[in-house]
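Listing of query-v3.txt, compact mmCIF, C-alpha atoms and all ligand atoms
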```txt
# COMPACT_ATOMS: atom_id res chain seq x y z
CA MET X 730 3.60 -27.68 149.88
CA LYS X 731 0.38 -25.72 149.50
CA ASP X 732 -0.12 -22.17 150.68
CA GLN X 733 -3.27 -20.55 152.08
CA ALA X 734 -4.70 -20.24 148.54
CA GLY X 735 -4.07 -23.90 147.73
CA ARG X 736 -1.23 -23.05 145.35
CA THR X 737 1.55 -25.61 145.10
CA ILE X 738 4.85 -23.95 146.02
CA ASP X 739 7.72 -25.85 144.45
CA TYR X 740 10.18 -23.22 143.21
CA MET X 741 12.68 -21.03 145.06
CA ARG X 742 14.82 -18.26 143.63
CA ILE X 743 18.04 -17.97 145.59
CA SER X 744 19.91 -14.69 145.32
CA LEU X 745 23.66 -15.10 145.78
CA THR X 746 24.59 -11.43 145.87
CA ASP X 747 23.24 -7.91 145.38
CA ARG X 748 26.37 -7.00 143.48
CA CYS X 749 26.43 -6.78 139.74
CA ASN X 750 28.97 -6.06 137.05
CA LEU X 751 26.36 -4.24 134.92
CA ARG X 752 24.28 -1.17 135.68
CA CYS X 753 21.07 -1.80 133.76
CA ARG X 754 19.08 1.41 133.76
CA TYR X 755 15.79 -0.17 134.75
CA CYS X 756 17.30 -2.35 137.47
CA MET X 757 20.37 -0.94 139.23
CA PRO X 758 21.65 2.14 137.39
CA HIS X 759 23.75 3.30 140.37
CA ASP X 760 25.84 1.60 143.00
CA ILE X 761 23.86 0.35 145.97
CA LYS X 762 25.04 0.02 149.55
CA LYS X 763 27.43 -2.94 149.68
CA ILE X 764 26.57 -5.81 151.96
CA GLU X 765 29.46 -7.22 153.99
CA MET X 766 30.37 -10.77 152.97
CA SER X 767 29.72 -11.91 156.55
CA GLN X 768 26.10 -10.83 156.16
CA LEU X 769 25.58 -13.07 153.13
CA LEU X 770 24.50 -16.65 153.62
CA ASN X 771 27.48 -18.89 152.93
CA TYR X 772 27.00 -21.92 150.69
CA GLU X 773 26.61 -24.33 153.62
CA GLU X 774 23.83 -22.13 155.02
CA ILE X 775 22.12 -21.96 151.63
CA VAL X 776 22.22 -25.75 151.46
CA VAL X 777 20.58 -26.06 154.89
CA ILE X 778 17.72 -23.82 153.75
CA ALA X 779 17.48 -25.73 150.46
CA LYS X 780 17.25 -29.04 152.34
CA CYS X 781 14.41 -27.68 154.47
CA ALA X 782 12.75 -26.40 151.29
CA VAL X 783 13.03 -29.80 149.60
CA GLU X 784 11.35 -31.42 152.59
CA LEU X 785 8.50 -28.97 152.06
CA GLY X 786 8.22 -29.96 148.37
CA ILE X 787 10.25 -27.08 146.94
CA VAL X 788 12.41 -28.93 144.46
CA ASN X 789 13.33 -26.43 141.76
CA PHE X 790 15.97 -23.78 142.45
CA LYS X 791 17.07 -20.80 140.41
CA LEU X 792 20.27 -18.95 141.29
CA THR X 793 20.04 -15.23 140.75
CA GLY X 794 21.32 -11.89 142.03
CA GLY X 795 22.60 -9.20 141.35
CA GLU X 796 24.78 -11.09 139.01
CA PRO X 797 25.12 -14.58 140.51
CA LEU X 798 28.37 -15.31 138.66
CA VAL X 799 30.23 -12.46 140.37
CA ARG X 800 30.12 -14.59 143.52
CA LYS X 801 33.07 -16.99 143.81
CA ASN X 802 32.77 -20.72 143.09
CA VAL X 803 29.17 -20.80 141.95
CA PRO X 804 29.67 -24.22 140.27
CA VAL X 805 30.53 -25.60 143.73
CA LEU X 806 27.16 -24.43 145.04
CA VAL X 807 25.41 -25.90 142.00
CA GLU X 808 27.02 -29.24 142.76
CA MET X 809 26.06 -29.02 146.44
CA LEU X 810 22.43 -28.26 145.59
CA LYS X 811 22.25 -30.98 142.95
CA ALA X 812 23.51 -33.49 145.52
CA ILE X 813 20.51 -32.92 147.81
CA PRO X 814 18.16 -35.90 147.44
CA GLY X 815 14.85 -34.77 145.96
CA VAL X 816 16.16 -31.72 144.09
CA LYS X 817 14.77 -31.71 140.55
CA THR X 818 16.36 -28.72 138.85
CA VAL X 819 19.05 -26.14 139.55
CA THR X 820 19.23 -23.33 137.01
CA ILE X 821 20.77 -19.87 136.81
CA THR X 822 19.64 -16.52 135.51
CA THR X 823 22.57 -14.36 134.43
CA ASN X 824 23.48 -11.35 132.35
CA GLY X 825 25.85 -13.69 130.50
CA THR X 826 28.98 -11.53 130.68
CA LEU X 827 30.99 -14.10 132.68
CA LEU X 828 29.53 -17.24 131.18
CA SER X 829 32.32 -18.06 128.77
CA SER X 830 34.70 -18.78 131.64
CA TYR X 831 32.14 -20.78 133.66
CA ALA X 832 30.23 -22.78 131.04
CA GLN X 833 32.24 -26.00 131.27
CA GLU X 834 32.39 -26.00 135.08
CA LEU X 835 28.65 -25.34 135.32
CA LYS X 836 28.00 -28.25 133.00
CA LYS X 837 30.20 -30.53 135.09
CA ALA X 838 28.41 -29.39 138.24
CA GLY X 839 25.12 -30.60 136.73
CA LEU X 840 23.40 -27.29 136.04
CA ASP X 841 20.06 -27.91 134.33
CA GLY X 842 19.60 -24.67 132.45
CA ILE X 843 20.59 -21.05 131.99
CA ASN X 844 18.49 -17.98 131.29
CA VAL X 845 20.51 -15.20 129.75
CA SER X 846 19.06 -11.71 130.02
CA LEU X 847 19.59 -9.87 126.77
CA ASP X 848 17.71 -6.70 125.88
CA THR X 849 19.40 -5.52 122.71
CA LEU X 850 21.81 -6.68 120.01
CA ASP X 851 23.06 -3.22 119.20
CA ALA X 852 26.48 -2.79 120.83
CA ASP X 853 26.04 0.96 121.50
CA ALA X 854 22.51 0.58 122.81
CA PHE X 855 23.75 -2.30 125.02
CA ALA X 856 26.50 -0.10 126.45
CA LYS X 857 24.04 2.71 127.18
CA LEU X 858 21.45 0.39 128.69
CA THR X 859 23.88 -1.58 130.86
CA GLY X 860 26.26 1.17 131.97
CA HIS X 861 29.36 0.78 129.78
CA THR X 862 31.04 -1.90 131.89
CA PHE X 863 31.09 -5.06 129.75
CA PRO X 864 30.59 -5.24 125.98
CA LEU X 865 27.74 -7.00 124.23
CA SER X 866 30.30 -9.38 122.73
CA SER X 867 31.00 -10.87 126.19
CA VAL X 868 27.34 -11.93 126.43
CA LEU X 869 27.26 -13.36 122.91
CA GLU X 870 30.45 -15.32 123.59
CA GLY X 871 28.93 -16.55 126.84
CA ILE X 872 25.87 -17.83 125.00
CA LYS X 873 28.07 -19.65 122.50
CA ALA X 874 30.08 -21.22 125.32
CA VAL X 875 27.01 -22.62 127.08
CA GLN X 876 25.66 -23.95 123.82
CA GLN X 877 28.99 -25.68 123.23
CA ALA X 878 28.82 -27.06 126.76
CA GLU X 879 25.32 -28.33 125.89
CA ILE X 880 23.52 -26.62 128.72
CA PRO X 881 19.95 -25.67 127.73
CA VAL X 882 19.77 -21.89 127.36
CA LYS X 883 16.91 -19.42 126.91
CA LEU X 884 16.90 -15.68 126.46
CA ASN X 885 14.98 -13.27 128.68
CA THR X 886 14.19 -9.87 127.23
CA VAL X 887 12.44 -7.13 129.14
CA ASN X 888 9.74 -5.39 127.15
CA ARG X 889 10.66 -1.69 126.98
CA ARG X 890 9.27 1.07 124.76
CA ASP X 891 12.33 1.15 122.51
CA LEU X 892 12.71 -2.64 122.32
CA ASP X 893 13.92 -3.92 118.94
CA TRP X 894 12.25 -7.32 119.24
CA LYS X 895 12.65 -8.14 115.54
CA THR X 896 16.44 -8.20 115.80
CA ILE X 897 16.29 -10.22 119.02
CA LEU X 898 14.03 -12.82 117.38
CA SER X 899 16.11 -12.95 114.24
CA TYR X 900 19.27 -13.60 116.30
CA ALA X 901 17.40 -16.18 118.40
CA LYS X 902 16.21 -17.92 115.23
CA ASP X 903 19.78 -18.15 113.89
CA GLN X 904 21.07 -19.48 117.20
CA HIS X 905 18.08 -21.80 117.85
CA LEU X 906 17.24 -20.06 121.11
CA VAL X 907 13.86 -19.66 122.76
CA VAL X 908 13.08 -16.10 123.87
CA ARG X 909 10.74 -14.96 126.63
CA PHE X 910 9.54 -11.37 126.72
CA ILE X 911 8.99 -10.05 130.23
CA GLU X 912 6.74 -7.12 131.05
CA MET X 913 8.50 -4.42 133.01
CA MET X 914 7.37 -4.43 136.64
CA PRO X 915 7.12 -1.32 138.82
CA ILE X 916 9.92 -2.46 141.11
CA GLY X 917 12.69 0.04 141.85
CA TYR X 918 13.78 1.91 138.72
CA GLY X 919 11.47 -0.25 136.59
CA LYS X 920 8.68 2.18 137.59
CA ASP X 921 10.10 4.74 135.15
CA TYR X 922 10.17 2.27 132.26
CA MET X 923 6.62 0.96 132.35
CA GLY X 924 4.23 1.31 129.47
CA THR X 925 4.49 -1.35 126.84
CA SER X 926 2.36 -4.43 127.24
CA ASN X 927 3.09 -7.90 125.93
CA GLU X 928 -0.32 -7.78 124.24
CA ILE X 929 0.91 -5.02 121.94
CA LEU X 930 4.11 -6.95 121.30
CA PHE X 931 2.11 -10.08 120.56
CA SER X 932 -0.09 -8.35 117.99
CA GLN X 933 2.97 -6.79 116.32
CA MET X 934 4.48 -10.28 116.08
CA GLN X 935 1.27 -11.65 114.57
CA GLU X 936 1.53 -9.01 111.84
CA LEU X 937 5.01 -10.25 110.97
CA TYR X 938 4.83 -13.97 111.68
CA GLY X 939 1.13 -14.81 111.27
CA THR X 940 -1.29 -16.20 113.84
CA GLY X 941 0.13 -17.12 117.27
CA ILE X 942 -1.31 -20.36 118.67
CA PRO X 943 -0.88 -21.06 122.40
CA VAL X 944 1.27 -24.04 123.28
CA THR X 945 -0.78 -26.10 125.70
CA GLU X 946 1.86 -28.32 127.29
CA ARG X 947 3.47 -26.83 130.42
CA LYS X 948 7.06 -25.69 129.90
CA GLY X 949 9.56 -24.84 132.61
CA ASN X 950 8.82 -23.85 136.18
CA GLY X 951 7.66 -20.34 135.56
CA PRO X 952 4.72 -18.25 134.47
CA ALA X 953 5.71 -17.89 130.80
CA LYS X 954 2.94 -18.55 128.27
CA TYR X 955 4.34 -19.90 125.03
CA TYR X 956 3.00 -19.36 121.51
CA ARG X 957 3.89 -20.83 118.16
CA PHE X 958 3.59 -18.49 115.19
CA GLU X 959 2.95 -19.61 111.62
CA ASN X 960 6.16 -18.16 110.21
CA TYR X 961 8.63 -18.33 113.08
CA PRO X 962 10.41 -21.63 113.82
CA ASP X 963 10.54 -21.63 117.63
CA GLU X 964 8.08 -21.02 120.37
CA ILE X 965 8.05 -17.52 121.87
CA GLY X 966 7.33 -16.99 125.56
CA PHE X 967 5.53 -14.11 127.24
CA ILE X 968 5.71 -13.31 130.95
CA SER X 969 3.00 -10.76 131.49
CA ALA X 970 2.82 -10.03 135.19
CA ILE X 971 1.04 -6.72 134.62
CA HIS X 972 -1.44 -7.31 131.83
CA HIS X 973 -2.12 -10.99 132.50
CA LYS X 974 -1.70 -11.38 136.23
CA PHE X 975 -0.76 -14.99 137.01
CA CYS X 976 -0.84 -14.80 140.82
CA ASP X 977 -3.43 -17.58 141.10
CA THR X 978 -0.84 -20.06 139.80
CA CYS X 979 2.25 -18.52 141.45
CA ASN X 980 4.52 -21.32 142.64
CA ARG X 981 7.50 -19.35 143.90
CA ILE X 982 9.27 -17.91 146.88
CA ARG X 983 12.57 -16.07 147.12
CA LEU X 984 15.60 -16.25 149.37
CA SER X 985 17.66 -13.05 149.52
CA SER X 986 21.44 -13.13 149.66
CA GLU X 987 21.13 -12.18 153.34
CA GLY X 988 18.84 -15.09 154.03
CA TYR X 989 15.48 -13.34 154.07
CA LEU X 990 12.61 -15.49 152.84
CA LYS X 991 10.46 -13.33 150.60
CA LEU X 992 6.99 -14.41 149.63
CA CYS X 993 5.83 -11.99 146.92
CA LEU X 994 7.59 -9.38 144.76
CA CYS X 995 5.28 -6.60 145.93
CA TYR X 996 5.61 -6.96 149.66
CA GLU X 997 8.44 -6.84 152.13
CA GLN X 998 6.65 -9.54 154.18
CA GLY X 999 8.75 -12.64 154.89
CA MET X 1000 11.05 -14.23 157.44
CA ASP X 1001 14.66 -13.78 158.54
CA LEU X 1002 16.06 -17.29 158.07
CA ARG X 1003 19.64 -16.17 158.63
CA LYS X 1004 18.76 -15.24 162.19
CA LEU X 1005 17.27 -18.66 162.80
CA LEU X 1006 20.33 -20.34 161.27
CA ARG X 1007 22.85 -18.28 163.19
CA ASP X 1008 20.93 -18.53 166.46
CA GLY X 1009 21.46 -22.29 166.18
CA SER X 1010 17.91 -23.39 165.36
CA SER X 1011 17.59 -27.00 164.25
CA MET X 1012 16.57 -27.89 160.70
CA LYS X 1013 13.26 -29.07 162.10
CA GLU X 1014 12.61 -25.64 163.63
CA ILE X 1015 13.71 -23.79 160.49
CA LYS X 1016 11.50 -25.97 158.34
CA ALA X 1017 8.51 -25.38 160.61
CA GLN X 1018 9.04 -21.61 160.49
CA MET X 1019 9.41 -21.68 156.71
CA GLN X 1020 6.24 -23.69 156.38
CA GLN X 1021 4.27 -21.20 158.48
CA ALA X 1022 5.63 -18.23 156.52
CA ILE X 1023 5.03 -19.80 153.10
CA ALA X 1024 1.48 -20.74 154.06
CA ARG X 1025 0.81 -17.00 154.47
CA LYS X 1026 2.11 -16.09 151.00
CA PRO X 1027 0.10 -13.05 149.80
CA LEU X 1028 -2.74 -13.90 147.46
CA GLU X 1029 -1.71 -11.52 144.69
CA HIS X 1030 0.58 -8.66 143.75
CA CYS X 1031 -0.57 -5.06 143.94
CA PHE X 1032 1.26 -3.48 141.01
CA SER X 1033 -1.92 -1.69 139.95
CA GLU X 1034 -2.28 -0.11 143.41
CA LYS X 1035 1.28 0.97 144.02
CA GLU X 1036 0.42 2.67 147.31
CA LYS X 1037 -0.06 -0.81 148.77
CA MET X 1038 3.45 -1.94 147.84
CA THR X 1039 5.73 -2.36 150.83
CA GLU X 1040 8.80 -3.53 148.89
CA THR X 1041 11.32 -0.71 148.55
CA GLN X 1042 14.38 -2.55 147.23
CA VAL X 1043 15.58 -2.50 143.63
CA MET X 1044 15.27 -5.62 141.47
CA ALA X 1045 18.97 -6.48 141.79
CA GLN X 1046 18.40 -6.83 145.55
CA ILE X 1047 15.32 -8.99 145.06
CA GLY X 1048 16.69 -11.25 142.33
CA GLY X 1049 14.03 -10.74 139.67
N1 LIG X 1101 21.83 -10.33 136.77
C1 LIG X 1101 21.03 -11.42 136.38
C2 LIG X 1101 20.29 -11.14 135.07
O1 LIG X 1101 20.34 -10.00 134.61
O2 LIG X 1101 19.68 -12.08 134.56
C3 LIG X 1101 20.04 -11.89 137.44
C4 LIG X 1101 19.30 -10.85 138.21
S1 LIG X 1101 18.20 -9.82 137.28
C5 LIG X 1101 17.48 -8.85 138.57
C6 LIG X 1101 16.93 -10.98 136.85
C7 LIG X 1101 15.99 -10.51 135.75
O3 LIG X 1101 15.19 -9.45 136.23
C8 LIG X 1101 16.67 -10.00 134.48
O4 LIG X 1101 16.16 -10.72 133.37
C9 LIG X 1101 16.24 -8.56 134.41
O5 LIG X 1101 16.12 -8.13 133.08
C10 LIG X 1101 14.91 -8.59 135.14
N2 LIG X 1101 14.44 -7.31 135.65
C11 LIG X 1101 15.13 -6.37 136.32
N3 LIG X 1101 14.33 -5.34 136.66
C12 LIG X 1101 13.09 -5.65 136.20
C13 LIG X 1101 11.80 -5.00 136.24
N4 LIG X 1101 11.62 -3.83 136.83
N5 LIG X 1101 10.76 -5.63 135.67
C14 LIG X 1101 10.91 -6.84 135.07
N6 LIG X 1101 12.08 -7.51 135.01
C15 LIG X 1101 13.15 -6.92 135.56
FE1 LIG X 1102 22.62 -6.51 136.99
FE2 LIG X 1102 20.80 -8.23 136.08
FE3 LIG X 1102 20.04 -5.93 137.25
FE4 LIG X 1102 21.23 -5.84 134.88
S1 LIG X 1102 19.25 -6.82 135.34
S2 LIG X 1102 21.72 -4.54 136.68
S3 LIG X 1102 22.59 -7.51 135.00
S4 LIG X 1102 21.08 -7.58 138.23
```

Any chance you could put this one into structure tokens?
Ligand code: SAM
Ligand code: SF4
Amino acid sequence: MKDQAGRTIDYMRISLTDRCNLRCRYCMPHDIKKIEMSQLLNYEEIVVIAKCAVELGIVNFKLTGGEPLVRKNVPVLVEMLKAIPGVKTVTITTNGTLLSSYAQELKKAGLDGINVSLDTLDADAFAKLTGHTFPLSSVLEGIKAVQQAEIPVKLNTVNRRDLDWKTILSYAKDQHLVVRFIEMMPIGYGKDYMGTSNEILFSQMQELYGTGIPVTERKGNGPAKYYRFENYPDEIGFISAIHHKFCDTCNRIRLSSEGYLKLCLCYEQGMDLRKLLRDGSSMKEIKAQMQQAIARKPLEHCFSEKEKMTETQVMAQIGG
């Protein structure tokens, strides 16, 4: 469907939980208030919302969190979503720590792709950055397991001041993985980690790998811009929400684990779909309400005028 700005909305991020088994400093360094399980949408409820979304033309779904794989039976949900007629892709974004035990089941369920968030390859730095809960090796084993299961996998790396991008790219080259570098956004604790732009990163990469040429064909469902460098074998993606605002082509909406439809990262504005579901509204009514809400999706984010931001949750609650 199209929103008020004529943008085609075809992608929904579904958060399965606020909980996480890591404590990334820029995302959720401390415990947050736990949500009761009864307040979370159950899988049947998520499927009802997804069916309404598909009827509106939203056909690509990304499972997120918190850490989505801390929720039980995620492969079952993947299978349920994949069985909805019209669904094109179901993918997951994960910190990778639990992937080695789920890779085969996720493959069987029909998962179309996995993004693994990985910010460093130094085991001590990883422990410091993610709160000393799971070791770096669990993520690396997880990546191996999904490669063995032949699920397409990409790496997501947040651009921080102390980022060692050379080591990330050298690992990615050895493992034949595509990496996307994401600019830190001023959401929650991310506000304290802002500063480095993807433009600076890009010019540093040009010094090492030669000229970066933009890849013109569209890849994936997201805002990443891909470049091919003379002396690096794979494409490298850049998601630059701050320095290259891409709001005019934004195609996404978000569903929180409590069933709140969120329209833009910056604003709290949205709609309580759980209430509609649990009050017994029909799918037709829910779909109509979703359509009205999505049509009013804000035109652009306001990260450069933070006083206008109405979103107060941390990124783990929003789902990235
Ligand atoms: N736990 C999963 C993971 O880490 O991939 C899914 C949820 S996490 C919130 C989704 C993505 O958001 C991760 O790649 C994470 O690095 C990124 N993220 C968290 N806080 C951010 C911020 N302030 N700015 C940009 N990206 C952020
Ligand atoms: Fe957890 Fe992902 Fe946030 Fe790290 S980035 S704390 S893994 S939700």

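Here atom CA of X:Asp747 is placed at a distance of 5.8 Å from atom CA of X:Ala1045.
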
Point to revise | Shell of 10 Å around X:Ser867, only C-alpha atoms, local chain residues under 6 positions omitted, as a list in words | key: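 The filter keeps Asn824, Gly825, Thr826, Leu827, Leu828, Ser829 and Lys873 of chain X.
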
Practice item. Enumerate as an MDAnalysis selection string the residues within 9 Å of ligand LIG 1102 (chain X), counting all atoms listed in the file. Key: chainID X and resid 747:759 793:797 822:826 846 858:860 1043:1046 1048:1049

Check your understanding: Between X:Ile761, X:Val788, X:Leu930, X:Ala832, which has the minimum distance to X:Asp891 (counting all atoms listed in the file)?
Key ->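 With all atoms listed in the file as the atom set, the closest residue is X:Leu930.
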
Exercise for review: Calculate how many Å separate atom CA of X:Asp851 from atom CA of X:Leu792, rounding to one decimal.
Suggested key: 27.3 Å

**Study point:** Residues near stretch 944-949 of chain X, cut-off 12 Å, all atoms listed in the file, skip fewer than 4 positions along chain, as a PyMOL selection string
**Key:** chain X and resi 740+789-791+817-820+841-844+881-883+907+909+953-958+963-967+980

Check your understanding: Leaving out stretch 1027-1042 of chain X and any residue of its chain fewer than 6 positions from it, which residues lie within 9 Å of it when counting only C-alpha atoms, given as an NGL selection string?
Key -> :X and (733-734 or 914-917 or 970-971 or 974-977 or 979 or 992-998)

Check your understanding: Taking into account all atoms listed in the file, which residue in the set X:Gly988, X:Lys857, X:Met809, X:Val816 is nearest to X:Arg1007?
Key ->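 Comparing X:Gly988, X:Lys857, X:Met809, X:Val816 against X:Arg1007, the winner is X:Gly988.
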
Exercise for review: Would you mind telling me which residue in X:Ile982, X:Val799, X:Leu869, X:Ile764 lies nearest to ligand LIG 1101 (chain X) when using only C-alpha atoms and all ligand atoms?
Suggested key: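 Under the stated criterion, the closest residue is X:Val799.
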
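Take atom CA of X:Lys895 and atom CA of X:Phe863: the distance between them is 23.5 Å.
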
Review point. Excluding same-chain residues fewer than 4 positions from X:Leu810, what lies within 9 Å of it counting only C-alpha atoms, as JSON, numbers by chain?
Key: {"X": [775, 776, 779, 780, 790, 805, 806, 814, 816, 819]}

So that I have them on file, write out the residues from the current selection with C-alpha atoms, as an mmCIF file, in the frame of the given file.
```
data_model
loop_
_atom_site.group_PDB
_atom_site.id
_atom_site.type_symbol
_atom_site.label_atom_id
_atom_site.label_comp_id
_atom_site.auth_asym_id
_atom_site.auth_seq_id
_atom_site.Cartn_x
_atom_site.Cartn_y
_atom_site.Cartn_z
ATOM 1 C CA ILE X 775 22.120 -21.960 151.630
ATOM 2 C CA VAL X 776 22.220 -25.750 151.460
ATOM 3 C CA ALA X 779 17.480 -25.730 150.460
ATOM 4 C CA LYS X 780 17.250 -29.040 152.340
ATOM 5 C CA PHE X 790 15.970 -23.780 142.450
ATOM 6 C CA VAL X 805 30.530 -25.600 143.730
ATOM 7 C CA LEU X 806 27.160 -24.430 145.040
ATOM 8 C CA PRO X 814 18.160 -35.900 147.440
ATOM 9 C CA VAL X 816 16.160 -31.720 144.090
ATOM 10 C CA VAL X 819 19.050 -26.140 139.550
#
```

Practice item. Identify which of the residues X:Asp1008, X:Glu959, X:Glu912, X:Glu784 lies closest to ligand LIG 1101 (chain X), counting all atoms listed in the file when measuring atom-to-atom distances. Key: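 Among X:Asp1008, X:Glu959, X:Glu912, X:Glu784, it is X:Glu912 that comes nearest to ligand LIG 1101 (chain X).
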
Practice item. Quick one: everything within 6 Å of X:Ala838, counting only C-alpha atoms, minus sequence neighbours fewer than 2 positions away in the same chain. Send it as a ChimeraX atom specification. Key: /X:804,807-808,835-836,840

Only C-alpha atoms, please: the residues just picked out, written as an mmCIF file, in the frame of the given file.
```
data_model
loop_
_atom_site.group_PDB
_atom_site.id
_atom_site.type_symbol
_atom_site.label_atom_id
_atom_site.label_comp_id
_atom_site.auth_asym_id
_atom_site.auth_seq_id
_atom_site.Cartn_x
_atom_site.Cartn_y
_atom_site.Cartn_z
ATOM 1 C CA PRO X 804 29.670 -24.220 140.270
ATOM 2 C CA VAL X 807 25.410 -25.900 142.000
ATOM 3 C CA GLU X 808 27.020 -29.240 142.760
ATOM 4 C CA LEU X 835 28.650 -25.340 135.320
ATOM 5 C CA LYS X 836 28.000 -28.250 133.000
ATOM 6 C CA LEU X 840 23.400 -27.290 136.040
#
```

**Study point:** Residue with smallest distance to X:Thr940 - pool X:Ser985, X:Trp894, X:Glu879, X:Tyr961, counting all atoms listed in the file
**Key:** X:Tyr961

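With only C-alpha atoms and all ligand atoms as the atoms that count, the minimum distance from ligand LIG 1101 (chain X) to the choices X:Ile778, X:Ala812, X:Ile880, X:Val908 is reached by X:Val908.
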